[in-house]
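Coordinates as given in data-v2.cif (mmCIF, C-alpha atoms):
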```cif
data_target
#
loop_
_atom_site.group_PDB
_atom_site.id
_atom_site.type_symbol
_atom_site.label_atom_id
_atom_site.label_comp_id
_atom_site.auth_asym_id
_atom_site.auth_seq_id
_atom_site.Cartn_x
_atom_site.Cartn_y
_atom_site.Cartn_z
ATOM 1 C CA MET A 1 -83.126 -32.161 -19.665
ATOM 2 C CA PRO A 2 -82.031 -30.756 -16.285
ATOM 3 C CA PRO A 3 -78.390 -29.698 -16.228
ATOM 4 C CA LEU A 4 -75.842 -31.558 -14.168
ATOM 5 C CA GLN A 5 -75.156 -29.474 -11.074
ATOM 6 C CA HIS A 6 -71.385 -29.636 -10.748
ATOM 7 C CA SER A 7 -69.558 -28.320 -7.739
ATOM 8 C CA GLY A 8 -67.276 -25.507 -8.830
ATOM 9 C CA GLY A 9 -63.517 -25.749 -8.893
ATOM 10 C CA MET A 10 -63.283 -29.527 -8.837
ATOM 11 C CA ASN A 11 -60.241 -31.012 -10.560
ATOM 12 C CA VAL A 12 -61.588 -34.257 -11.985
ATOM 13 C CA ALA A 13 -59.087 -37.075 -12.502
ATOM 14 C CA ALA A 14 -59.620 -39.589 -15.270
ATOM 15 C CA ALA A 15 -61.439 -42.814 -14.404
ATOM 16 C CA ARG A 16 -62.226 -41.921 -10.798
ATOM 17 C CA LYS A 17 -64.485 -44.211 -8.821
ATOM 18 C CA ALA A 18 -67.784 -42.756 -7.624
ATOM 19 C CA ALA A 19 -70.471 -43.360 -5.053
ATOM 20 C CA PHE A 20 -73.900 -42.734 -6.567
ATOM 21 C CA ILE A 21 -76.275 -42.035 -3.694
ATOM 22 C CA ASP A 22 -80.053 -41.715 -3.784
ATOM 23 C CA ARG A 23 -81.251 -38.752 -1.726
ATOM 24 C CA ASP A 24 -84.579 -39.294 0.064
ATOM 25 C CA GLY A 25 -84.423 -42.234 2.453
ATOM 26 C CA VAL A 26 -80.654 -42.628 2.092
ATOM 27 C CA ILE A 27 -79.112 -39.230 2.848
ATOM 28 C CA ASN A 28 -82.138 -37.558 4.426
ATOM 29 C CA ALA A 29 -85.261 -38.785 6.189
ATOM 30 C CA GLU A 30 -87.925 -40.144 3.849
ATOM 31 C CA ARG A 31 -90.976 -37.901 3.796
ATOM 32 C CA ALA A 32 -93.509 -37.401 1.039
ATOM 33 C CA TYR A 33 -92.078 -34.929 -1.489
ATOM 34 C CA VAL A 34 -89.396 -33.193 0.541
ATOM 35 C CA TYR A 35 -88.802 -29.745 -0.929
ATOM 36 C CA ARG A 36 -88.763 -27.320 2.011
ATOM 37 C CA VAL A 37 -85.578 -26.680 3.976
ATOM 38 C CA GLU A 38 -87.457 -27.111 7.250
ATOM 39 C CA ASP A 39 -88.492 -30.648 6.213
ATOM 40 C CA PHE A 40 -84.974 -31.736 5.252
ATOM 41 C CA GLU A 41 -83.225 -33.794 7.939
ATOM 42 C CA PHE A 42 -80.029 -35.783 7.480
ATOM 43 C CA LEU A 43 -80.364 -39.383 8.590
ATOM 44 C CA PRO A 44 -78.191 -40.416 11.548
ATOM 45 C CA GLY A 45 -74.703 -41.315 10.380
ATOM 46 C CA ALA A 46 -75.283 -40.244 6.763
ATOM 47 C CA VAL A 47 -72.939 -37.247 6.768
ATOM 48 C CA ALA A 48 -70.169 -39.247 8.456
ATOM 49 C CA ALA A 49 -70.662 -42.000 5.878
ATOM 50 C CA LEU A 50 -70.271 -39.485 3.058
ATOM 51 C CA GLN A 51 -67.117 -38.158 4.735
ATOM 52 C CA ARG A 52 -65.671 -41.679 4.807
ATOM 53 C CA LEU A 53 -66.519 -42.352 1.160
ATOM 54 C CA GLN A 54 -64.919 -39.068 0.140
ATOM 55 C CA ALA A 55 -61.801 -39.820 2.198
ATOM 56 C CA ASP A 56 -61.542 -43.190 0.445
ATOM 57 C CA GLY A 57 -61.412 -41.447 -2.933
ATOM 58 C CA TYR A 58 -65.019 -41.729 -4.112
ATOM 59 C CA ALA A 59 -66.518 -38.859 -6.074
ATOM 60 C CA LEU A 60 -69.946 -38.288 -4.500
ATOM 61 C CA VAL A 61 -72.874 -38.027 -6.901
ATOM 62 C CA VAL A 62 -76.461 -37.651 -5.687
ATOM 63 C CA ILE A 63 -79.111 -39.057 -8.047
ATOM 64 C CA THR A 64 -82.727 -38.282 -7.257
ATOM 65 C CA ASN A 65 -86.117 -38.663 -8.943
ATOM 66 C CA GLN A 66 -88.160 -35.523 -8.249
ATOM 67 C CA SER A 67 -91.612 -36.274 -9.642
ATOM 68 C CA GLY A 68 -93.123 -33.727 -7.246
ATOM 69 C CA ILE A 69 -92.022 -31.111 -9.780
ATOM 70 C CA ALA A 70 -93.982 -32.844 -12.562
ATOM 71 C CA ARG A 71 -96.953 -33.210 -10.216
ATOM 72 C CA GLY A 72 -96.988 -29.461 -9.529
ATOM 73 C CA LEU A 73 -96.327 -29.959 -5.808
ATOM 74 C CA TYR A 74 -93.248 -27.733 -5.920
ATOM 75 C CA THR A 75 -91.151 -25.967 -8.529
ATOM 76 C CA GLU A 76 -87.673 -26.586 -9.894
ATOM 77 C CA ALA A 77 -86.660 -23.392 -8.081
ATOM 78 C CA ASP A 78 -87.897 -24.930 -4.799
ATOM 79 C CA TYR A 79 -85.908 -28.080 -5.528
ATOM 80 C CA LEU A 80 -82.757 -26.102 -6.384
ATOM 81 C CA GLN A 81 -83.072 -24.051 -3.200
ATOM 82 C CA LEU A 82 -83.210 -27.229 -1.105
ATOM 83 C CA THR A 83 -80.287 -28.710 -3.038
ATOM 84 C CA ALA A 84 -78.204 -25.606 -2.331
ATOM 85 C CA HIS A 85 -79.083 -25.927 1.370
ATOM 86 C CA MET A 86 -77.999 -29.589 1.379
ATOM 87 C CA GLN A 87 -74.731 -28.767 -0.402
ATOM 88 C CA ARG A 88 -73.951 -25.929 2.029
ATOM 89 C CA ALA A 89 -74.618 -28.140 5.040
ATOM 90 C CA LEU A 90 -72.394 -30.873 3.630
ATOM 91 C CA LEU A 91 -69.621 -28.414 2.791
ATOM 92 C CA GLN A 92 -69.658 -27.257 6.415
ATOM 93 C CA ALA A 93 -68.935 -30.903 7.290
ATOM 94 C CA GLY A 94 -66.141 -31.060 4.714
ATOM 95 C CA VAL A 95 -68.167 -33.031 2.157
ATOM 96 C CA ARG A 96 -68.106 -31.796 -1.454
ATOM 97 C CA LEU A 97 -70.596 -33.349 -3.855
ATOM 98 C CA ALA A 98 -69.105 -33.844 -7.312
ATOM 99 C CA ALA A 99 -72.586 -33.499 -8.820
ATOM 100 C CA VAL A 100 -76.279 -33.643 -8.065
ATOM 101 C CA GLU A 101 -78.489 -35.115 -10.797
ATOM 102 C CA TYR A 102 -82.275 -34.947 -10.686
ATOM 103 C CA CYS A 103 -85.144 -36.029 -12.870
ATOM 104 C CA PRO A 104 -88.295 -33.848 -12.804
ATOM 105 C CA HIS A 105 -90.208 -35.935 -15.354
ATOM 106 C CA LEU A 106 -93.199 -38.242 -15.174
ATOM 107 C CA PRO A 107 -94.848 -40.014 -18.124
ATOM 108 C CA ASP A 108 -98.347 -39.008 -16.958
ATOM 109 C CA ALA A 109 -97.375 -35.693 -15.350
ATOM 110 C CA PRO A 110 -100.147 -33.182 -14.638
ATOM 111 C CA LEU A 111 -97.792 -30.447 -15.887
ATOM 112 C CA ALA A 112 -97.357 -30.843 -19.636
ATOM 113 C CA ARG A 113 -93.791 -29.519 -19.770
ATOM 114 C CA TYR A 114 -92.622 -32.440 -17.586
ATOM 115 C CA ARG A 115 -94.812 -35.116 -19.237
ATOM 116 C CA LEU A 116 -92.085 -37.214 -20.779
ATOM 117 C CA GLU A 117 -90.860 -40.778 -21.208
ATOM 118 C CA CYS A 118 -87.283 -39.783 -20.391
ATOM 119 C CA ASP A 119 -84.039 -41.676 -20.021
ATOM 120 C CA CYS A 120 -83.244 -40.127 -16.644
ATOM 121 C CA ARG A 121 -86.072 -41.226 -14.345
ATOM 122 C CA LYS A 122 -84.845 -44.236 -12.411
ATOM 123 C CA PRO A 123 -84.915 -47.149 -13.242
ATOM 124 C CA GLN A 124 -83.568 -45.604 -16.459
ATOM 125 C CA PRO A 125 -79.802 -44.940 -16.174
ATOM 126 C CA GLY A 126 -79.594 -41.478 -17.763
ATOM 127 C CA MET A 127 -78.657 -39.574 -14.598
ATOM 128 C CA LEU A 128 -75.811 -41.990 -13.974
ATOM 129 C CA THR A 129 -74.528 -42.264 -17.523
ATOM 130 C CA ARG A 130 -74.465 -38.489 -17.966
ATOM 131 C CA SER A 131 -72.494 -37.927 -14.790
ATOM 132 C CA ILE A 132 -70.144 -40.808 -15.660
ATOM 133 C CA ALA A 133 -69.377 -39.118 -18.984
ATOM 134 C CA ALA A 134 -69.205 -35.553 -17.629
ATOM 135 C CA LEU A 135 -66.970 -36.413 -14.674
ATOM 136 C CA ARG A 136 -64.997 -39.181 -16.417
ATOM 137 C CA LEU A 137 -65.956 -41.752 -13.793
ATOM 138 C CA ASP A 138 -65.086 -45.448 -13.760
ATOM 139 C CA ALA A 139 -68.466 -47.195 -13.554
ATOM 140 C CA PRO A 140 -67.174 -50.730 -12.790
ATOM 141 C CA ARG A 141 -65.160 -49.386 -9.825
ATOM 142 C CA SER A 142 -68.117 -47.368 -8.563
ATOM 143 C CA ILE A 143 -70.942 -48.123 -6.153
ATOM 144 C CA LEU A 144 -74.595 -47.146 -5.867
ATOM 145 C CA VAL A 145 -76.676 -46.938 -2.688
ATOM 146 C CA GLY A 146 -80.464 -46.672 -2.877
ATOM 147 C CA ASP A 147 -83.661 -47.699 -1.137
ATOM 148 C CA ARG A 148 -85.768 -48.909 -4.082
ATOM 149 C CA ALA A 149 -85.597 -51.520 -6.796
ATOM 150 C CA SER A 150 -85.499 -48.686 -9.339
ATOM 151 C CA ASP A 151 -82.172 -47.519 -7.874
ATOM 152 C CA ILE A 152 -80.632 -50.960 -8.302
ATOM 153 C CA ASP A 153 -82.052 -51.308 -11.824
ATOM 154 C CA ALA A 154 -80.573 -47.942 -12.822
ATOM 155 C CA GLY A 155 -77.206 -48.920 -11.391
ATOM 156 C CA ARG A 156 -77.166 -52.226 -13.251
ATOM 157 C CA ALA A 157 -78.157 -50.517 -16.504
ATOM 158 C CA ALA A 158 -75.261 -48.069 -16.081
ATOM 159 C CA ALA A 159 -72.785 -50.906 -15.367
ATOM 160 C CA ILE A 160 -72.071 -49.720 -11.822
ATOM 161 C CA GLY A 161 -69.778 -52.222 -10.135
ATOM 162 C CA ARG A 162 -71.718 -52.792 -6.904
ATOM 163 C CA CYS A 163 -75.255 -51.727 -6.008
ATOM 164 C CA PHE A 164 -76.510 -51.725 -2.425
ATOM 165 C CA LEU A 165 -79.930 -51.362 -0.804
ATOM 166 C CA VAL A 166 -80.678 -49.666 2.510
ATOM 167 C CA ARG A 167 -83.773 -49.987 4.698
ATOM 168 C CA SER A 168 -83.721 -46.393 5.986
ATOM 169 C CA GLY A 169 -86.167 -45.142 3.353
ATOM 170 C CA HIS A 170 -88.716 -47.507 1.891
ATOM 171 C CA ALA A 171 -89.645 -50.885 3.300
ATOM 172 C CA LEU A 172 -88.024 -52.633 0.312
ATOM 173 C CA SER A 173 -91.271 -54.475 -0.371
ATOM 174 C CA ASP A 174 -90.742 -53.835 -4.093
ATOM 175 C CA CYS A 175 -87.222 -55.261 -4.004
ATOM 176 C CA ASP A 176 -85.672 -58.654 -4.388
ATOM 177 C CA PRO A 177 -82.754 -58.390 -1.953
ATOM 178 C CA ALA A 178 -80.872 -60.846 -4.139
ATOM 179 C CA ALA A 179 -80.800 -58.196 -6.883
ATOM 180 C CA ALA A 180 -78.465 -56.078 -4.750
ATOM 181 C CA ASP A 181 -74.883 -56.741 -3.744
ATOM 182 C CA GLY A 182 -75.862 -56.214 -0.127
ATOM 183 C CA THR A 183 -78.725 -54.888 2.012
ATOM 184 C CA TYR A 184 -78.068 -52.746 5.069
ATOM 185 C CA ASP A 185 -80.006 -50.799 7.666
ATOM 186 C CA ASP A 186 -78.748 -47.431 6.424
ATOM 187 C CA LEU A 187 -75.949 -45.648 4.572
ATOM 188 C CA ALA A 188 -73.678 -45.722 7.611
ATOM 189 C CA ALA A 189 -73.968 -49.506 7.914
ATOM 190 C CA CYS A 190 -73.395 -49.912 4.189
ATOM 191 C CA VAL A 191 -70.221 -47.834 4.300
ATOM 192 C CA ASP A 192 -69.029 -49.716 7.409
ATOM 193 C CA ALA A 193 -69.351 -52.981 5.495
ATOM 194 C CA LEU A 194 -67.746 -51.528 2.368
ATOM 195 C CA LEU A 195 -64.767 -49.843 3.986
ATOM 196 C CA GLY A 196 -64.376 -51.934 7.134
#
```
As structure tokens - that is how I would like this structure written.
Amino acid sequence: MPPLQHSGGMNVAAARKAAFIDRDGVINAERAYVYRVEDFEFLPGAVAALQRLQADGYALVVITNQSGIARGLYTEADYLQLTAHMQRALLQAGVRLAAVEYCPHLPDAPLARYRLECDCRKPQPGMLTRSIAALRLDAPRSILVGDRASDIDAGRAAAIGRCFLVRSGHALSDCDPAAADGTYDDLAACVDALLG
């Protein structure tokens, strides 16, 4: 199981609320299997939205399926390099991620070491439940923002208080908007509605 990537030096308070944020299509532009730094582009307003969530007391946790690893399209080292780039860029904007969780598995993966029916690939809640336990987060007071039905399903399974969809990634054709607590154009619009 991939380790939780905690930011160093964070003093975690008990029962803190969190914002669980999907990566591709929510924080950065949706492209097929983003793993190179040069292909990573923050969506308009996403960094400012993360700043506002952090200022409001949310621990920021990125949760991302990374089946490109299981497909052999890129390596875990490639993924970790891009994650470090994202974290550095956010830190320059004053945003500290409490954790980044990823799932490299796929039940029918071409690479045998990642061929697994795991509990972490969304819609399974493993990435969320592990970070909730490790960071002592308050799930009912927390939110989740994603761009797929699998994000919402994972949030519900982990008892996250409110789960929101955004249109900035996928077309939401696989989603019943009624399954979410709100649907917005992007992360910035979601945070505007949440925080006023």
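Note that CA of Arg31 (chain A) and CA of Gln81 (chain A) are 17.4 Å apart.
With all atoms listed in the file as the atoms that count, the minimum distance from Leu80 (chain A) to the choices A:Ala55, A:Val37, A:Ala180, A:Ala19 is reached by A:Val37.
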Q. Any chance you could work out the residue set of the PyMOL selection byres ((chain A and resi 124-133) around 9) here, as a ChimeraX atom specification?
A. /A:4,18,20,61,63-64,99-103,118-123,134-139,150-151,153-158,160
Please return the centre and edge lengths, in Å to one decimal, of a box with edges along x, y and z that contains all listed atoms of region 140-159 of chain A, widened by 3 Å on every side, as lines of an AutoDock Vina configuration file.
```
center_x = -75.5
center_y = -49.4
center_z = -8.8
size_x = 26.6
size_y = 11.6
size_z = 21.4
```
Q: Counting all atoms listed in the file, figure out which residue out of A:Val47, A:Ala189, A:Leu194, A:Val166 gets nearest to Ala93 (chain A).
A: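 With all atoms listed in the file as the atom set, the closest residue is A:Val47.
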(Q) Can you spell out as a PyMOL selection string the set of residues that the PyMOL selection byres ((chain A and resi 177) around 12) selects in the structure I just provided? (A) chain A and resi 146-149+152+163-167+171-176+178-184
Q | Counting all atoms listed in the file, the residue of A:Arg52, A:Arg16, A:Arg141, A:Arg36 that sits nearest Thr83 (chain A) | A |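 Of the candidates, the smallest distance to Thr83 (chain A) is held by A:Arg36.
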